[in-house]
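Colleague: Pasting my_file-v3.txt here (compact mmCIF, C-alpha atoms):
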# COMPACT_ATOMS: atom_id res chain seq x y z
CA MET A 1210 101.57 112.43 83.12
CA PRO A 1211 100.24 113.41 86.59
CA ASP A 1212 102.37 115.90 88.52
CA GLN A 1213 102.21 118.05 91.65
CA SER A 1214 100.05 120.66 89.92
CA HIS A 1215 97.20 118.11 89.79
CA VAL A 1216 97.01 117.61 93.58
CA GLY A 1217 93.60 118.77 94.79
CA ARG A 1218 91.71 118.00 91.59
CA ARG A 1219 88.28 116.70 92.51
CA TYR A 1220 85.84 114.47 90.64
CA GLU A 1221 82.23 114.01 91.68
CA ALA A 1222 79.52 111.47 90.93
CA THR A 1223 76.33 112.55 92.64
CA GLY A 1224 73.10 110.59 92.99
CA GLN A 1225 74.63 107.12 92.73
CA VAL A 1226 71.88 104.59 93.51
CA VAL A 1227 73.10 101.50 95.42
CA ASP A 1228 71.30 99.03 93.21
CA GLY A 1229 70.07 95.86 94.97
CA ALA A 1230 70.23 93.69 91.82
CA GLY A 1231 73.69 95.05 91.03
CA ALA A 1232 74.88 94.29 94.56
CA GLU A 1233 73.45 90.76 94.29
CA ALA A 1234 75.33 90.15 91.01
CA PHE A 1235 78.48 91.51 92.68
CA ALA A 1236 77.97 89.18 95.68
CA LYS A 1237 77.56 86.20 93.31
CA ALA A 1238 80.77 87.13 91.51
CA ILE A 1239 82.66 87.21 94.84
CA ALA A 1240 81.23 83.78 95.76
CA GLY A 1241 82.08 82.09 92.45
CA SER A 1242 80.88 78.50 92.74
CA ASP A 1243 80.48 78.82 96.55
CA GLU A 1244 77.29 79.86 98.30
CA VAL A 1245 76.76 83.64 98.50
CA PHE A 1246 77.60 84.98 101.98
CA ALA A 1247 74.88 87.02 103.71
CA PRO A 1248 72.43 87.35 100.80
CA GLY A 1249 70.37 90.53 101.03
CA THR A 1250 73.27 92.60 102.41
CA VAL A 1251 75.58 94.70 100.26
CA PRO A 1252 79.20 93.45 100.15
CA PRO A 1253 81.32 96.31 101.55
CA THR A 1254 83.67 96.41 98.57
CA TYR A 1255 80.65 97.19 96.37
CA ALA A 1256 82.04 100.67 97.14
CA ALA A 1257 84.09 100.01 93.98
CA VAL A 1258 80.85 100.42 92.03
CA TYR A 1259 79.15 103.32 93.81
CA ALA A 1260 82.26 105.29 94.84
CA LEU A 1261 85.49 104.33 93.06
CA TYR A 1262 84.76 103.69 89.39
CA PRO A 1263 82.30 106.57 88.75
CA THR A 1264 84.92 109.06 89.94
CA LEU A 1265 88.13 107.26 88.89
CA TYR A 1266 86.96 106.93 85.29
CA GLN A 1267 86.54 110.72 85.21
CA LEU A 1268 90.09 111.11 86.55
CA PHE A 1269 91.47 108.57 84.06
CA GLY A 1270 89.67 110.42 81.27
CA ASP A 1271 91.00 113.84 82.36
CA ALA A 1272 93.27 114.73 79.42
CA GLU A 1273 95.01 117.46 81.47
CA VAL A 1274 96.16 114.84 84.01
CA GLY A 1275 97.04 112.34 81.28
CA VAL A 1276 97.10 108.99 83.10
CA ASN A 1277 98.67 106.33 80.84
CA LEU A 1278 96.08 103.57 81.28
CA ALA A 1279 98.28 100.94 79.61
CA GLY A 1280 100.80 101.31 82.43
CA LEU A 1281 98.32 101.58 85.31
CA VAL A 1282 98.44 99.18 88.28
CA HIS A 1283 96.25 99.31 91.40
CA GLY A 1284 98.86 99.21 94.18
CA GLU A 1285 96.96 99.58 97.44
CA GLN A 1286 93.42 100.16 98.64
CA ALA A 1287 91.94 101.17 101.97
CA PHE A 1288 88.24 101.39 102.79
CA GLU A 1289 86.34 102.49 105.89
CA TRP A 1290 82.60 102.05 106.19
CA PRO A 1291 81.40 104.31 109.04
CA THR A 1292 77.74 103.50 108.27
CA PRO A 1293 76.80 100.25 106.50
CA VAL A 1294 75.40 100.87 103.03
CA ARG A 1295 72.02 99.40 102.11
CA ALA A 1296 70.36 98.63 98.78
CA GLY A 1297 68.34 101.66 97.73
CA ASP A 1298 70.66 104.20 99.35
CA VAL A 1299 71.43 107.19 97.13
CA VAL A 1300 74.97 108.46 97.60
CA ASP A 1301 77.17 111.31 96.41
CA ALA A 1302 80.72 110.13 95.71
CA SER A 1303 83.88 112.16 95.27
CA ALA A 1304 87.55 111.51 94.59
CA VAL A 1305 90.41 113.95 95.16
CA ILE A 1306 93.99 113.63 93.96
CA ALA A 1307 95.80 113.69 97.31
CA SER A 1308 99.39 113.04 96.26
CA VAL A 1309 101.59 112.58 93.21
CA GLU A 1310 105.12 111.19 93.65
CA GLN A 1311 107.73 110.19 91.10
CA LYS A 1312 109.87 107.28 92.33
CA ARG A 1313 112.07 104.75 90.52
CA GLY A 1314 110.80 105.94 87.15
CA MET A 1315 107.17 105.40 88.15
CA THR A 1316 104.38 107.75 89.21
CA PHE A 1317 102.52 107.02 92.47
CA LEU A 1318 99.08 108.60 92.49
CA GLY A 1319 97.22 108.79 95.84
CA ILE A 1320 93.47 109.34 95.63
CA GLU A 1321 91.08 109.97 98.54
CA HIS A 1322 87.47 108.89 98.22
CA GLU A 1323 84.32 109.72 100.13
CA ALA A 1324 80.70 108.70 99.64
CA HIS A 1325 77.79 109.91 101.74
CA ARG A 1326 74.05 109.43 101.71
CA GLN A 1327 71.96 112.43 100.95
CA ASP A 1328 71.12 112.71 104.69
CA GLY A 1329 74.84 113.24 105.28
CA ALA A 1330 75.76 109.80 106.71
CA VAL A 1331 79.16 108.74 105.36
CA VAL A 1332 78.97 105.19 103.97
CA CYS A 1333 82.53 104.96 102.67
CA ARG A 1334 85.90 106.66 102.92
CA GLY A 1335 88.78 105.27 100.95
CA ARG A 1336 92.27 105.75 99.71
CA SER A 1337 93.62 104.29 96.46
CA LEU A 1338 97.26 104.10 95.44
CA MET A 1339 97.67 103.82 91.68
CA ILE A 1340 101.08 103.10 90.18
CA ILE A 1341 101.75 104.26 86.63
CA ARG A 1342 104.73 102.61 84.95
CA MET B 1089 69.21 93.31 107.18
CA SER B 1090 71.71 90.85 108.59
CA ASP B 1091 71.73 87.09 108.29
CA ALA B 1092 69.88 85.84 111.37
CA THR B 1093 71.68 82.50 111.25
CA THR B 1094 75.08 84.17 111.71
CA ALA B 1095 76.07 85.02 115.27
CA VAL B 1096 77.78 88.36 115.62
CA LEU B 1097 81.14 88.03 117.36
CA SER B 1098 80.90 89.58 120.82
CA SER B 1099 84.46 89.29 122.09
CA ALA B 1100 87.99 88.86 120.80
CA ALA B 1101 91.47 88.64 122.30
CA ILE B 1102 94.86 89.63 120.93
CA GLY B 1103 96.32 86.62 119.12
CA ASP B 1104 92.96 85.11 118.13
CA GLU B 1105 93.14 83.65 114.62
CA MET B 1106 90.44 84.53 112.10
CA THR B 1107 88.87 81.42 110.56
CA PRO B 1108 90.76 81.10 107.23
CA LEU B 1109 88.81 81.28 103.96
CA SER B 1110 90.00 79.53 100.79
CA ARG B 1111 88.37 79.97 97.39
CA ALA B 1112 89.27 78.60 93.96
CA VAL B 1113 88.97 81.54 91.54
CA THR B 1114 88.06 80.67 87.95
CA GLN B 1115 88.15 82.74 84.75
CA GLU B 1116 84.35 82.47 84.71
CA GLN B 1117 84.28 84.12 88.14
CA VAL B 1118 86.69 86.87 87.01
CA ASN B 1119 84.43 87.50 83.98
CA ALA B 1120 81.41 87.71 86.32
CA TYR B 1121 83.28 90.20 88.52
CA ALA B 1122 84.17 92.27 85.43
CA ASP B 1123 80.47 92.40 84.51
CA ALA B 1124 79.26 93.12 88.05
CA SER B 1125 81.88 95.79 88.77
CA GLY B 1126 82.04 97.34 85.31
CA ASP B 1127 85.84 96.90 85.21
CA HIS B 1128 86.43 95.24 81.82
CA ASN B 1129 90.16 96.00 81.63
CA PRO B 1130 91.42 93.38 79.12
CA ILE B 1131 94.23 92.24 81.47
CA HIS B 1132 91.45 90.48 83.42
CA VAL B 1133 89.42 89.00 80.57
CA ASP B 1134 91.56 88.76 77.39
CA PRO B 1135 94.43 86.20 77.63
CA ASP B 1136 96.10 87.38 74.39
CA PHE B 1137 96.11 91.00 75.58
CA ALA B 1138 97.41 89.98 79.03
CA ARG B 1139 100.32 88.02 77.50
CA ALA B 1140 101.07 90.89 75.10
CA VAL B 1141 101.67 93.20 78.10
CA GLY B 1142 103.99 90.69 79.77
CA LEU B 1143 101.66 88.85 82.14
CA PRO B 1144 101.54 85.03 82.26
CA GLY B 1145 97.86 85.28 81.32
CA THR B 1146 94.78 87.05 82.64
CA ILE B 1147 94.84 88.10 86.30
CA ALA B 1148 91.99 88.48 88.80
CA HIS B 1149 91.01 92.04 89.72
CA GLY B 1150 92.84 93.11 92.89
CA LEU B 1151 89.49 94.32 94.19
CA LEU B 1152 88.04 90.80 93.69
CA ASP B 1153 90.86 89.40 95.84
CA MET B 1154 90.11 92.15 98.39
CA ALA B 1155 86.37 91.33 98.26
CA ILE B 1156 87.16 87.71 99.20
CA LEU B 1157 89.44 88.94 102.01
CA THR B 1158 86.59 91.17 103.23
CA GLU B 1159 84.19 88.20 103.12
CA ALA B 1160 86.65 86.22 105.28
CA VAL B 1161 86.60 89.02 107.87
CA ALA B 1162 82.80 89.28 107.71
CA ARG B 1163 82.32 85.50 108.15
CA TRP B 1164 84.53 85.61 111.25
CA ALA B 1165 82.85 88.75 112.65
CA GLY B 1166 79.31 87.57 111.93
CA GLY B 1167 78.15 89.77 109.05
CA TYR B 1168 79.18 92.33 106.48
CA GLU B 1169 77.81 95.17 108.60
CA GLN B 1170 80.33 94.29 111.36
CA VAL B 1171 83.23 95.20 109.07
CA ALA B 1172 84.29 98.81 109.74
CA SER B 1173 87.43 98.92 107.59
CA VAL B 1174 89.74 96.83 105.39
CA SER B 1175 92.98 97.81 103.68
CA CYS B 1176 95.67 95.91 101.80
CA ARG B 1177 98.46 96.08 99.26
CA PHE B 1178 98.01 94.25 95.93
CA SER B 1179 101.45 92.61 95.94
CA LYS B 1180 101.15 89.78 93.42
CA PRO B 1181 98.46 88.92 90.89
CA LEU B 1182 96.12 85.98 91.46
CA LEU B 1183 95.77 83.92 88.29
CA PRO B 1184 92.47 82.27 87.38
CA GLY B 1185 92.69 78.58 88.29
CA GLN B 1186 94.51 79.33 91.54
CA THR B 1187 93.03 79.18 95.02
CA ILE B 1188 93.32 82.21 97.30
CA THR B 1189 93.59 81.61 101.06
CA CYS B 1190 92.90 84.50 103.45
CA THR B 1191 94.20 84.46 107.03
CA GLY B 1192 94.22 86.94 109.89
CA ARG B 1193 95.04 87.49 113.53
CA VAL B 1194 93.72 89.91 116.14
CA ILE B 1195 96.33 92.54 117.00
CA ASP B 1196 94.28 94.94 119.12
CA VAL B 1197 90.98 95.09 120.99
CA ASP B 1198 89.42 98.41 121.97
CA ASP B 1199 86.80 97.83 124.65
CA SER B 1200 85.73 101.48 124.76
CA SER B 1201 84.75 101.55 121.08
CA GLY B 1202 83.81 97.83 120.95
CA THR B 1203 86.14 97.08 118.05
CA ALA B 1204 88.88 94.58 117.24
CA SER B 1205 91.73 95.11 114.76
CA LEU B 1206 93.27 92.35 112.68
CA GLU B 1207 96.30 91.95 110.49
CA LEU B 1208 95.54 90.02 107.32
CA GLU B 1209 97.14 88.43 104.31
CA ALA B 1210 96.17 86.30 101.34
CA ILE B 1211 98.34 83.77 99.56
CA SER B 1212 97.81 81.90 96.30
CA SER B 1213 97.96 78.12 95.91
CA SER B 1214 101.37 78.56 94.25
CA GLY B 1215 102.65 80.28 97.41
CA GLU B 1216 102.64 83.88 96.15
CA ARG B 1217 101.73 86.54 98.71
CA VAL B 1218 98.82 88.09 96.79
CA LEU B 1219 97.57 90.57 99.40
CA THR B 1220 99.97 91.94 102.03
CA ASN B 1221 99.94 94.65 104.73
CA GLY B 1222 96.29 93.75 105.30
CA ARG B 1223 94.40 95.39 108.16
CA ALA B 1224 90.77 95.32 109.22
CA THR B 1225 88.62 96.66 112.02
CA VAL B 1226 85.42 94.88 113.09
CA ARG B 1227 82.56 96.05 115.26
CA LEU B 1228 81.89 93.59 118.09
CA ALA B 1229 78.38 92.92 119.40
CA ARG B 1230 77.76 94.99 122.53
Any chance you could put this one into structure tokens?
Modeller:
Amino acid sequence: MPDQSHVGRRYEATGQVVDGAGAEAFAKAIAGSDEVFAPGTVPPTYAAVYALYPTLYQLFGDAEVGVNLAGLVHGEQAFEWPTPVRAGDVVDASAVIASVEQKRGMTFLGIEHEAHRQDGAVVCRGRSLMIIR
Amino acid sequence: MSDATTAVLSSAAIGDEMTPLSRAVTQEQVNAYADASGDHNPIHVDPDFARAVGLPGTIAHGLLDMAILTEAVARWAGGYEQVASVSCRFSKPLLPGQTITCTGRVIDVDDSSGTASLELEAISSSGERVLTNGRATVRLAR
């Protein structure tokens, strides 16, 4: 179970390629049976793929932190995109455990994300709140 | 590369309503999002598993709901690259077969940075408040 001693733990996924075909499949999934909006651009929440999951899966697999995946709920999400991301960009992503709080018998895990291109331009900052029941 | 047919919003005033966006979300779409995002958590794709953990059935990924909310903001602002930030709380699950409707209203305009801020929410066709505490910032054309 996550506790205060885990605050500051950092997970990195370097060299993530923002894949144009992957972004197109993602855009189609958002559209469902509607027409894809702005084909050729990368939907901003594709940050889930190049920034969140590659680092969060490391955190969720960290046996010392011990997140109970069966009780995990995504509570809140914030994203900022200081520089729009483009297909072909190569980014380094990181996630840091920013806070751990026990409330009402649940654990609230705050995670801060950042992803930047290899020229230093930040394409995404984010904050996830995960609730573990 | 932005869509040349979409005009980028150049001005906004406090109280302006974002054009609402409604979308019927199907299980097929949730499956496609699972494949495209890599999030194959069985609560989204396996009805038996979802019911076994106390849900009424599979639920859409919160990040799929948020992606549709972000599209609503981008359509109003004139392109994905105009969207500087989006945040929300995943308050209630959206169930496949329901329609999500995203709405928003301008709450601040910053002429010096050329940005407008909105408050947002998304409700399901059964009246559940799916996404709450929504906020976004858009870059206006200058």
Colleague: For Leu1097 of chain B, list every protein, DNA or RNA residue within 10 Å, evaluated using only C-alpha atoms, and leave out those in the same chain fewer than 6 positions away; present the list as a list in words.
Modeller: Ala1162, Arg1163, Trp1164, Ala1165, Gly1166, Gly1167, Gln1170, Val1226, Arg1227, Leu1228, Ala1229 and Arg1230 of chain B
Colleague: Near Tyr1220 of chain A, within 10 Å and counting only C-alpha atoms, which residues show up once chain neighbours fewer than 2 positions away are dropped, as a list of chain:residue names?
Modeller: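 The neighbour list is A:Gly1217, A:Arg1218, A:Ala1222, A:Thr1223, A:Pro1263, A:Thr1264, A:Leu1265, A:Tyr1266, A:Gln1267, A:Leu1268, A:Asp1271, A:Ala1302, A:Ser1303, A:Ala1304, A:Val1305, A:Ile1306, A:His1322.
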Colleague: Mind giving me the straight-line distance from atom CA of Gly1329 of chain A to atom CA of Val1300 of chain A in Å, one decimal?
Modeller: 9.0 Å
Colleague: Which is closest to Glu1285 of chain A among A:Gly1297, A:Gly1241, A:Gly1335, A:Pro1252, if we use all atoms listed in the file?
Modeller: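 With all atoms listed in the file as the atom set, the closest residue is A:Gly1335.
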Colleague: Distance cut-off 6 Å, counting all atoms listed in the file - which residues of chain A neighbour chain B? Return them as a list in words.
Modeller: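 So the contacting residues turn out to be Ala1234, Phe1235, Ala1238, Gly1241, Ala1247, Thr1254, Val1258, Gly1284, Glu1285, Gln1286, Ala1287, Phe1288, Glu1289, Trp1290 and Pro1293 of chain A.
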Colleague: Using only C-alpha atoms, find the one residue out of A:Ile1340, A:Gln1311, A:Ala1260, A:Val1282 that sits nearest to Gly1224 of chain A.
Modeller: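 Of A:Ile1340, A:Gln1311, A:Ala1260, A:Val1282, the one nearest Gly1224 of chain A, counting only C-alpha atoms, is A:Ala1260.
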Colleague: Smallest atom-to-atom distance to Gly1185 of chain B: which of B:Val1133, B:Ala1148, B:Ala1210, B:Val1096, using only C-alpha atoms?
Modeller: B:Ala1148
Colleague: Select, counting all atoms listed in the file, all protein, DNA and RNA residues no farther than 12 Å from (91.7, 95.4, 120.7) in file coordinates, and express the selection as a ChimeraX atom specification.
Modeller: /B:1099-1104,1193-1207,1224-1228
Colleague: Hey, could you pull the box centre and edge lengths for segment 1181-1200 of chain B, axis-aligned, 8 Å padding per side, all listed atoms, to one decimal in Å, as AutoDock Vina command-line options?
Modeller:
--center_x 92.1 --center_y 90.0 --center_z 106.1 --size_x 28.7 --size_y 38.9 --size_z 53.4
Colleague: Determine the nearest neighbour of Phe1269 of chain A from the options A:Ile1239, A:Val1251, A:Val1332, A:Ile1320, counting all atoms listed in the file.
Modeller: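 For Phe1269 of chain A, the nearest of the given residues is A:Ile1320.
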Colleague: Measuring between all atoms listed in the file, which one of A:Val1294, A:Gly1231, A:Gly1249, A:Ala1307 shows the shortest distance to Ala1324 of chain A?
Modeller: A:Val1294
